[in-house]
$ cat coords-v2.csv   # CSV, C-alpha atoms
chain,number,residue,atom,x,y,z
S,990,MET,CA,-6.9,-10.1,22.9
S,991,GLN,CA,-7.5,-6.5,21.8
S,992,GLU,CA,-11.0,-5.8,20.5
S,993,ILE,CA,-11.2,-4.6,16.9
S,994,ARG,CA,-12.8,-1.2,16.7
S,995,HIS,CA,-16.0,-1.2,14.6
S,996,THR,CA,-17.1,2.0,12.9
S,997,PRO,CA,-20.1,1.0,10.9
S,998,VAL,CA,-20.1,4.0,8.5
S,999,ALA,CA,-16.8,4.6,6.8
S,1000,PRO,CA,-16.1,8.3,7.1
S,1001,THR,CA,-15.6,10.8,4.3
S,1002,ARG,CA,-13.1,13.4,5.4
S,1003,ARG,CA,-9.7,14.9,5.1
S,1004,GLN,CA,-7.2,14.7,7.9
S,1005,ARG,CA,-3.5,15.2,8.6
S,1006,LEU,CA,-1.2,12.6,10.1
S,1007,ALA,CA,2.4,13.2,11.2
S,1008,SER,CA,5.1,10.8,9.8
S,1009,GLY,CA,4.8,7.6,11.8
S,1010,GLY,CA,1.3,8.3,12.9
S,1011,GLU,CA,-1.3,5.5,12.8
S,1012,ILE,CA,-5.0,4.8,12.8
S,1013,ASP,CA,-5.5,1.6,14.8
S,1014,ALA,CA,-7.1,-1.6,13.5
S,1015,HIS,CA,-10.8,-1.2,12.8
S,1016,ARG,CA,-13.4,-2.2,10.3
S,1017,HIS,CA,-16.4,-0.6,8.5
S,1018,ASP,CA,-19.7,-1.9,7.1
S,1019,ASP,CA,-18.9,0.4,4.1
S,1020,HIS,CA,-16.3,0.4,1.4
S,1021,GLN,CA,-13.6,3.0,1.7
S,1022,ILE,CA,-11.1,4.7,-0.6
S,1023,VAL,CA,-7.9,5.9,1.0
S,1024,TYR,CA,-5.8,8.5,-0.8
S,1025,ALA,CA,-2.7,10.4,0.4
S,1026,GLY,CA,-2.4,13.8,-1.4
S,1027,ARG,CA,1.0,14.2,0.3
S,1028,GLY,CA,3.2,11.5,1.8
S,1029,THR,CA,2.8,7.8,1.5
S,1030,ILE,CA,0.1,5.7,3.2
S,1031,ALA,CA,0.4,2.1,4.2
S,1032,VAL,CA,-2.7,0.0,4.9
S,1033,THR,CA,-2.2,-3.3,6.6
S,1034,THR,CA,-4.6,-6.2,6.9
S,1035,GLY,CA,-4.3,-9.9,7.8
S,1036,ALA,CA,-3.5,-10.6,4.2
S,1037,GLY,CA,-0.5,-8.2,3.9
S,1038,SER,CA,0.3,-4.6,3.3
S,1039,TRP,CA,-0.6,-2.1,0.5
S,1040,VAL,CA,1.4,1.1,0.1
S,1041,ALA,CA,0.4,4.1,-2.0
S,1042,PRO,CA,2.2,7.4,-2.8
S,1043,ALA,CA,0.3,10.4,-4.1
S,1044,THR,CA,-0.2,8.8,-7.5
S,1045,ARG,CA,-2.2,5.8,-6.1
S,1046,ALA,CA,-5.2,5.2,-3.9
S,1047,ILE,CA,-6.2,2.1,-1.8
S,1048,TRP,CA,-9.5,0.4,-2.1
S,1049,ILE,CA,-10.7,-1.2,1.2
S,1050,PRO,CA,-13.8,-3.4,0.9
S,1051,ALA,CA,-16.5,-3.4,3.5
S,1052,GLY,CA,-15.8,-5.6,6.6
S,1053,THR,CA,-12.0,-5.6,6.1
S,1054,VAL,CA,-10.0,-5.2,9.3
S,1055,HIS,CA,-7.3,-2.7,8.6
S,1056,ARG,CA,-5.0,-0.1,10.0
S,1057,HIS,CA,-3.2,2.9,8.5
S,1058,THR,CA,0.4,4.1,8.9
S,1059,ALA,CA,1.7,7.4,7.7
S,1060,HIS,CA,5.1,7.7,6.0
S,1061,GLY,CA,6.1,11.3,5.6
S,1062,GLU,CA,3.8,14.1,6.6
S,1063,LEU,CA,0.4,12.8,5.4
S,1064,ASP,CA,-2.5,14.7,3.9
S,1065,LEU,CA,-5.1,11.9,4.0
S,1066,HIS,CA,-8.4,11.8,2.1
S,1067,LEU,CA,-11.0,9.2,3.0
S,1068,VAL,CA,-14.1,8.5,0.9
S,1069,GLY,CA,-16.7,6.1,2.3
S,1070,LEU,CA,-19.1,4.3,0.0
S,1071,PRO,CA,-22.1,2.1,1.0
S,1072,ALA,CA,-21.5,-1.6,0.7
S,1073,ALA,CA,-24.0,-1.7,-2.2
S,1074,VAL,CA,-21.9,0.7,-4.2
S,1075,ASN,CA,-18.9,-1.1,-5.6
S,1076,PRO,CA,-17.8,0.5,-8.8
S,1077,LEU,CA,-14.7,-1.7,-9.0
S,1078,GLY,CA,-16.4,-5.0,-8.3
S,1079,LEU,CA,-13.5,-5.9,-5.9
S,1080,ASP,CA,-13.9,-7.8,-2.6
S,1081,GLU,CA,-10.2,-7.6,-1.7
S,1082,PRO,CA,-8.0,-4.6,-1.0
S,1083,ALA,CA,-6.3,-3.1,-4.0
S,1084,VAL,CA,-4.1,-0.2,-5.1
S,1085,LEU,CA,-5.5,1.9,-7.9
S,1086,ALA,CA,-3.9,4.4,-10.3
S,1087,VAL,CA,-5.0,7.9,-9.6
S,1088,SER,CA,-5.2,10.2,-12.7
S,1089,PRO,CA,-4.9,13.9,-12.3
S,1090,LEU,CA,-8.7,14.2,-12.7
S,1091,LEU,CA,-9.4,11.5,-10.1
S,1092,ARG,CA,-7.1,13.2,-7.7
S,1093,GLU,CA,-8.9,16.5,-8.0
S,1094,LEU,CA,-12.3,14.8,-7.6
S,1095,ILE,CA,-11.2,13.0,-4.4
S,1096,VAL,CA,-9.7,16.3,-3.0
S,1097,ALA,CA,-12.9,18.2,-3.8
S,1098,TYR,CA,-15.2,15.5,-2.6
S,1099,THR,CA,-13.5,15.3,0.9
S,1100,ARG,CA,-13.3,19.1,1.3
S,1101,SER,CA,-16.9,19.5,2.6
S,1102,PRO,CA,-18.1,16.0,3.7
S,1103,GLU,CA,-21.4,17.4,5.2
S,1104,ASP,CA,-22.5,19.0,1.9
S,1105,ASP,CA,-25.3,17.0,0.3
S,1106,SER,CA,-26.2,19.5,-2.4
S,1107,PRO,CA,-27.1,18.3,-6.0
S,1108,ALA,CA,-23.7,19.7,-7.2
S,1109,ARG,CA,-21.8,17.4,-4.7
S,1110,LEU,CA,-23.9,14.4,-5.8
S,1111,ARG,CA,-22.9,15.1,-9.4
S,1112,LEU,CA,-19.3,15.3,-8.2
S,1113,ARG,CA,-19.7,11.9,-6.5
S,1114,ALA,CA,-21.1,10.4,-9.7
S,1115,VAL,CA,-18.1,11.5,-11.8
S,1116,LEU,CA,-15.8,10.2,-9.1
S,1117,LEU,CA,-17.4,6.8,-9.3
S,1118,ASP,CA,-17.1,6.8,-13.1
S,1119,GLN,CA,-13.4,7.6,-12.8
S,1120,LEU,CA,-12.9,4.8,-10.3
S,1121,LYS,CA,-14.2,2.3,-12.8
S,1122,ALA,CA,-11.5,3.3,-15.2
S,1123,SER,CA,-8.7,3.1,-12.6
S,1124,PRO,CA,-6.4,0.1,-13.2
S,1125,GLU,CA,-5.1,-2.0,-10.3
S,1126,GLN,CA,-1.4,-1.6,-9.5
S,1127,PRO,CA,1.1,-4.3,-8.2
S,1128,LEU,CA,1.7,-2.7,-4.8
S,1129,HIS,CA,0.6,-5.5,-2.6
S,1130,LEU,CA,3.1,-7.1,-0.2
S,1131,PRO,CA,1.4,-10.4,0.9
S,1132,ALA,CA,1.9,-11.6,4.4
S,1133,PRO,CA,3.2,-15.2,4.6
S,1134,THR,CA,1.4,-17.7,6.7
S,1135,SER,CA,4.1,-20.3,6.9
S,1136,PRO,CA,6.2,-19.8,10.1
S,1137,VAL,CA,9.5,-20.3,8.3
S,1138,LEU,CA,8.5,-17.7,5.7
S,1139,ARG,CA,7.5,-15.3,8.5
S,1140,ASP,CA,11.0,-15.7,10.0
S,1141,LEU,CA,12.5,-15.0,6.5
S,1142,TYR,CA,10.2,-12.1,6.1
S,1143,ASP,CA,11.4,-10.6,9.4
S,1144,VAL,CA,15.0,-10.9,8.3
S,1145,LEU,CA,14.4,-9.2,4.9
S,1146,ARG,CA,12.2,-6.5,6.4
S,1147,ALA,CA,14.9,-5.7,9.0
S,1148,ASP,CA,17.5,-5.3,6.2
S,1149,PRO,CA,16.2,-5.2,2.6
S,1150,ALA,CA,19.8,-4.8,1.4
S,1151,ASP,CA,20.6,-8.3,2.6
S,1152,ASN,CA,22.0,-9.9,-0.5
S,1153,ARG,CA,22.6,-13.3,0.8
S,1154,SER,CA,21.5,-16.2,-1.3
S,1155,LEU,CA,18.3,-18.1,-0.4
S,1156,GLU,CA,20.5,-21.0,0.7
S,1157,GLU,CA,22.5,-18.8,3.1
S,1158,LEU,CA,19.3,-17.3,4.5
S,1159,GLY,CA,17.8,-20.7,4.8
S,1160,ARG,CA,20.6,-21.7,7.2
S,1161,GLU,CA,19.6,-18.8,9.4
S,1162,VAL,CA,15.8,-19.7,9.5
S,1163,GLY,CA,16.3,-23.4,9.6
S,1164,ALA,CA,15.1,-24.5,6.1
S,1165,SER,CA,16.6,-25.5,2.8
S,1166,ALA,CA,16.5,-23.2,-0.2
S,1167,ARG,CA,14.3,-25.8,-1.9
S,1168,THR,CA,11.8,-25.8,1.0
S,1169,LEU,CA,11.7,-22.0,1.1
S,1170,SER,CA,11.2,-21.8,-2.7
S,1171,ARG,CA,8.3,-24.4,-2.5
S,1172,ARG,CA,6.7,-22.5,0.4
S,1173,LEU,CA,6.9,-19.2,-1.4
S,1174,ARG,CA,5.3,-20.7,-4.5
S,1175,ASP,CA,2.5,-22.4,-2.5
S,1176,ASP,CA,1.9,-19.7,0.0
S,1177,LEU,CA,2.4,-16.5,-2.0
S,1178,GLY,CA,2.6,-17.6,-5.6
S,1179,LEU,CA,6.0,-15.8,-6.0
S,1180,THR,CA,9.6,-16.7,-6.6
S,1181,TYR,CA,12.2,-15.6,-4.1
S,1182,PRO,CA,13.5,-12.8,-6.4
S,1183,GLN,CA,10.0,-11.5,-7.0
S,1184,TRP,CA,9.2,-11.4,-3.3
S,1185,ARG,CA,12.5,-9.8,-2.3
S,1186,THR,CA,11.9,-7.1,-5.0
S,1187,GLN,CA,8.4,-6.4,-3.6
S,1188,ILE,CA,9.8,-6.0,-0.1
S,1189,ARG,CA,12.5,-3.7,-1.3
S,1190,LEU,CA,10.1,-1.5,-3.3
S,1191,HIS,CA,7.7,-1.2,-0.3
S,1192,HIS,CA,10.7,-0.1,1.9
S,1193,ALA,CA,11.8,2.2,-0.8
S,1194,LEU,CA,8.5,4.0,-0.9
S,1195,VAL,CA,8.7,4.5,2.9
S,1196,LEU,CA,12.2,5.9,2.7
S,1197,LEU,CA,11.3,8.2,-0.2
S,1198,ALA,CA,8.3,9.6,1.8
S,1199,ASP,CA,10.7,10.4,4.6
S,1200,GLY,CA,12.9,12.5,2.2
S,1201,VAL,CA,15.8,10.0,1.8
S,1202,SER,CA,17.7,10.6,-1.5
S,1203,VAL,CA,17.2,8.3,-4.4
S,1204,THR,CA,20.9,7.2,-4.3
S,1205,ALA,CA,20.7,6.5,-0.5
S,1206,VAL,CA,17.4,4.6,-1.0
S,1207,ALA,CA,19.0,2.4,-3.7
S,1208,HIS,CA,21.9,1.5,-1.4
S,1209,ARG,CA,19.7,0.9,1.7
S,1210,CYS,CA,17.3,-1.3,-0.3
S,1211,GLY,CA,20.0,-3.5,-1.9
S,1212,TRP,CA,20.2,-2.3,-5.5
S,1213,SER,CA,23.6,-2.4,-7.1
S,1214,SER,CA,23.3,1.2,-8.4
S,1215,ALA,CA,20.8,4.1,-8.4
S,1216,SER,CA,20.2,3.6,-12.1
S,1217,THR,CA,19.1,0.0,-11.6
S,1218,PHE,CA,16.8,1.1,-8.8
S,1219,ILE,CA,15.3,3.8,-10.9
S,1220,ASP,CA,14.7,1.4,-13.8
S,1221,VAL,CA,12.9,-1.2,-11.5
S,1222,PHE,CA,10.9,1.6,-9.8
S,1223,ARG,CA,9.8,3.1,-13.1
S,1224,ARG,CA,8.8,-0.2,-14.6
S,1225,THR,CA,6.7,-1.0,-11.5
S,1226,PHE,CA,5.1,2.4,-10.8
S,1227,GLY,CA,5.2,4.2,-14.1
S,1228,HIS,CA,7.3,7.1,-12.8
S,1229,THR,CA,10.7,7.8,-11.3
S,1230,PRO,CA,11.4,7.6,-7.6
S,1231,GLY,CA,12.5,11.2,-7.6
S,1232,SER,CA,8.9,12.3,-8.3
S,1233,THR,CA,7.8,10.6,-5.0
S,1234,LEU,CA,10.1,12.7,-2.8
S,1235,PRO,CA,8.3,15.3,-0.7
S,1236,ARG,CA,8.2,18.8,-2.1
$ encode --input "coords-v2.csv" --output "structure tokens"
Amino acid sequence: MQEIRHTPVAPTRRQRLASGGEIDAHRHDDHQIVYAGRGTIAVTTGAGSWVAPATRAIWIPAGTVHRHTAHGELDLHLVGLPAAVNPLGLDEPAVLAVSPLLRELIVAYTRSPEDDSPARLRLRAVLLDQLKASPEQPLHLPAPTSPVLRDLYDVLRADPADNRSLEELGREVGASARTLSRRLRDDLGLTYPQWRTQIRLHHALVLLADGVSVTAVAHRCGWSSASTFIDVFRRTFGHTPGSTLPR
């Protein structure tokens, strides 16, 4: 079994990752904020995946084993915070809204990580204040624990545009639609349409980061039209999918 890398201090820095690049599974004794100024970052833990474009950041609590995956050319900003400093009061990973001000604070704070001047300490204080005001966003794709749900998850991840009914999919994974619905409710607290939409939205963010057109993304993720996809995307993320495409 592969040993999990332990880096006690969560780094504060800026780094670039090519599309498809990864930072392997590891953990810190500190909290960490992960923000992609360009591209889309996916953070995966044993509890699922969190995906964030440039309008979002990911909060990773101290001790959480996690790995990073870049979608699109990634300009990654990492902010480490001591375990005693938890402005959000969260002990689970979360995706946070990033206002224009918070974005500039994160970018400025990670520009010179070795600087411990009074001015930079004041910058950090404002950054923490802005974090407290950052609402959580519904960008978590929970990982199922039930074996039959994991099989269904693999089917839907392989082809998010698969529009077969739950009854038809159940025949492929060896469970009735009723059993799958009950497992989804008990394991993830979701209905099948809710879960499928989350899978599709996560896949859509990845495709958009790679520069795939909005119309093509809608088709490849199973929406009946680009306008339907745009409407669902806007209601979930607060902006249109076109604004997520790389510039």
$ atom_distance --input "coords-v2.csv" --atom1 "CA of Arg1113 in chain S" --atom2 "CA of Leu1091 in chain S"
10.9 Å
$ atom_distance --input "coords-v2.csv" --atom1 "CA of Thr1186 in chain S" --atom2 "CA of Pro1131 in chain S"
12.5 Å
$ residues_around --input "coords-v2.csv" --residues "range 1117-1129 of chain S" --least-positions-apart "2" --cutoff "7 Å" --atoms "only C-alpha atoms" --output "list of chain:residue names"
S:Ser1038, S:Trp1039, S:Val1040, S:Pro1076, S:Leu1077, S:Ala1083, S:Val1084, S:Leu1085, S:Ala1086, S:Val1087, S:Leu1091, S:Arg1113, S:Ala1114, S:Val1115, S:Pro1131
$ residues_around --input "coords-v2.csv" --residues "Gln1187 in chain S" --least-positions-apart "2" --cutoff "12 Å" --atoms "all atoms listed in the file" --output "number ranges by chain"
S: 1037-1040, 1127-1132, 1142, 1145-1146, 1149, 1177, 1179-1185, 1189-1194, 1210, 1221-1222, 1225-1226
$ residues_around --input "coords-v2.csv" --residues "Arg1172 in chain S" --least-positions-apart "5" --cutoff "9 Å" --atoms "only C-alpha atoms" --output "list in words"
Ser1135, Val1137, Leu1138, Arg1167, Leu1177 and Gly1178 of chain S
$ closest_residue --input "coords-v2.csv" --among "S:Ile1188, S:Val1023, S:Leu1090, S:Leu1197" --to "Asp1151 in chain S" --atoms "only C-alpha atoms"
S:Ile1188
$ closest_atom_pairs --input "coords-v2.csv" --of "range 1057-1105 of chain S" --to "range 1026-1030 of chain S" --cutoff "8 Å" --atoms "only C-alpha atoms" --output "tab-separated table"
residue	atom	partner	partner_atom	distance
S:His1057	CA	S:Ile1030	CA	6.8
S:Thr1058	CA	S:Ile1030	CA	5.9
S:Ala1059	CA	S:Ile1030	CA	5.1
S:His1060	CA	S:Thr1029	CA	5.1
S:Gly1061	CA	S:Gly1028	CA	4.8
S:Glu1062	CA	S:Gly1028	CA	5.5
S:Leu1063	CA	S:Gly1028	CA	4.7
S:Asp1064	CA	S:Arg1027	CA	5.0
S:Leu1065	CA	S:Gly1026	CA	6.3
S:His1066	CA	S:Gly1026	CA	7.2
S:Arg1092	CA	S:Gly1026	CA	7.9
S:Val1096	CA	S:Gly1026	CA	7.9
$ closest_residue --input "coords-v2.csv" --among "S:Asp1105, S:Gly1211, S:Glu1081, S:Ile1095" --to "Arg1153 in chain S" --atoms "all atoms listed in the file"
S:Gly1211
$ residues_around --input "coords-v2.csv" --residues "Ser1216 in chain S" --least-positions-apart "2" --cutoff "12 Å" --atoms "all atoms listed in the file" --output "PyMOL selection string"
chain S and resi 1203-1208+1212-1214+1218-1223+1229-1231
$ atom_distance --input "coords-v2.csv" --atom1 "CA of Pro1136 in chain S" --atom2 "CA of His1055 in chain S"
21.8 Å
$ closest_residue --input "coords-v2.csv" --among "S:Leu1155, S:Pro1133, S:Pro997, S:His1228" --to "Arg1174 in chain S" --atoms "only C-alpha atoms"
S:Pro1133
$ closest_residue --input "coords-v2.csv" --among "S:Gly1052, S:Pro1107, S:Pro1000, S:Pro1042" --to "Ala1025 in chain S" --atoms "all atoms listed in the file"
S:Pro1042
$ closest_residue --input "coords-v2.csv" --among "S:Thr1168, S:Thr1099, S:Ser1106, S:Thr1034" --to "Pro1082 in chain S" --atoms "only C-alpha atoms"
S:Thr1034
$ build_atoms --input "coords-v2.csv" --residues "range 996-1013 of chain S" --atoms "N, CA, C and O atoms" --output "mmCIF file, keeping the file's coordinate frame"
data_model
loop_
_atom_site.group_PDB
_atom_site.id
_atom_site.type_symbol
_atom_site.label_atom_id
_atom_site.label_comp_id
_atom_site.auth_asym_id
_atom_site.auth_seq_id
_atom_site.Cartn_x
_atom_site.Cartn_y
_atom_site.Cartn_z
ATOM 1 N N THR S 996 -16.441 0.719 13.297
ATOM 2 C CA THR S 996 -17.100 2.000 12.900
ATOM 3 C C THR S 996 -17.969 1.681 11.730
ATOM 4 O O THR S 996 -17.472 1.583 10.597
ATOM 5 N N PRO S 997 -19.278 1.465 11.946
ATOM 6 C CA PRO S 997 -20.100 1.000 10.900
ATOM 7 C C PRO S 997 -20.054 1.832 9.587
ATOM 8 O O PRO S 997 -19.931 1.299 8.487
ATOM 9 N N VAL S 998 -20.108 3.162 9.721
ATOM 10 C CA VAL S 998 -20.100 4.000 8.500
ATOM 11 C C VAL S 998 -18.631 4.473 8.297
ATOM 12 O O VAL S 998 -17.978 5.058 9.165
ATOM 13 N N ALA S 999 -18.117 4.170 7.119
ATOM 14 C CA ALA S 999 -16.800 4.600 6.800
ATOM 15 C C ALA S 999 -16.808 6.122 6.523
ATOM 16 O O ALA S 999 -17.587 6.596 5.687
ATOM 17 N N PRO S 1000 -15.989 6.890 7.222
ATOM 18 C CA PRO S 1000 -16.100 8.300 7.100
ATOM 19 C C PRO S 1000 -15.572 8.862 5.764
ATOM 20 O O PRO S 1000 -14.722 8.243 5.119
ATOM 21 N N THR S 1001 -16.132 9.989 5.375
ATOM 22 C CA THR S 1001 -15.600 10.800 4.300
ATOM 23 C C THR S 1001 -15.058 12.052 4.855
ATOM 24 O O THR S 1001 -15.816 12.844 5.424
ATOM 25 N N ARG S 1002 -13.739 12.230 4.768
ATOM 26 C CA ARG S 1002 -13.100 13.400 5.400
ATOM 27 C C ARG S 1002 -11.689 13.554 4.929
ATOM 28 O O ARG S 1002 -11.126 12.664 4.296
ATOM 29 N N ARG S 1003 -11.125 14.685 5.301
ATOM 30 C CA ARG S 1003 -9.700 14.900 5.100
ATOM 31 C C ARG S 1003 -9.071 15.086 6.488
ATOM 32 O O ARG S 1003 -9.658 15.700 7.380
ATOM 33 N N GLN S 1004 -7.880 14.511 6.679
ATOM 34 C CA GLN S 1004 -7.200 14.700 7.900
ATOM 35 C C GLN S 1004 -5.687 14.634 7.729
ATOM 36 O O GLN S 1004 -5.205 14.120 6.725
ATOM 37 N N ARG S 1005 -4.966 15.186 8.698
ATOM 38 C CA ARG S 1005 -3.500 15.200 8.600
ATOM 39 C C ARG S 1005 -2.967 14.158 9.630
ATOM 40 O O ARG S 1005 -3.512 13.995 10.720
ATOM 41 N N LEU S 1006 -1.891 13.487 9.231
ATOM 42 C CA LEU S 1006 -1.200 12.600 10.100
ATOM 43 C C LEU S 1006 0.303 12.888 10.039
ATOM 44 O O LEU S 1006 0.839 13.051 8.942
ATOM 45 N N ALA S 1007 0.956 12.970 11.194
ATOM 46 C CA ALA S 1007 2.400 13.200 11.200
ATOM 47 C C ALA S 1007 3.089 11.883 10.751
ATOM 48 O O ALA S 1007 2.522 10.786 10.835
ATOM 49 N N SER S 1008 4.316 12.008 10.266
ATOM 50 C CA SER S 1008 5.100 10.800 9.800
ATOM 51 C C SER S 1008 5.178 9.840 11.002
ATOM 52 O O SER S 1008 5.522 10.208 12.124
ATOM 53 N N GLY S 1009 4.844 8.589 10.730
ATOM 54 C CA GLY S 1009 4.800 7.600 11.800
ATOM 55 C C GLY S 1009 3.517 7.437 12.494
ATOM 56 O O GLY S 1009 3.321 6.512 13.288
ATOM 57 N N GLY S 1010 2.588 8.363 12.231
ATOM 58 C CA GLY S 1010 1.300 8.300 12.900
ATOM 59 C C GLY S 1010 0.463 7.118 12.369
ATOM 60 O O GLY S 1010 0.659 6.642 11.246
ATOM 61 N N GLU S 1011 -0.455 6.640 13.203
ATOM 62 C CA GLU S 1011 -1.300 5.500 12.800
ATOM 63 C C GLU S 1011 -2.736 5.701 13.165
ATOM 64 O O GLU S 1011 -3.078 6.492 14.037
ATOM 65 N N ILE S 1012 -3.575 4.999 12.431
ATOM 66 C CA ILE S 1012 -5.000 4.800 12.800
ATOM 67 C C ILE S 1012 -5.125 3.345 13.103
ATOM 68 O O ILE S 1012 -4.816 2.499 12.265
ATOM 69 N N ASP S 1013 -5.541 3.030 14.325
ATOM 70 C CA ASP S 1013 -5.500 1.600 14.800
ATOM 71 C C ASP S 1013 -6.428 0.729 14.038
ATOM 72 O O ASP S 1013 -7.272 1.171 13.251
#
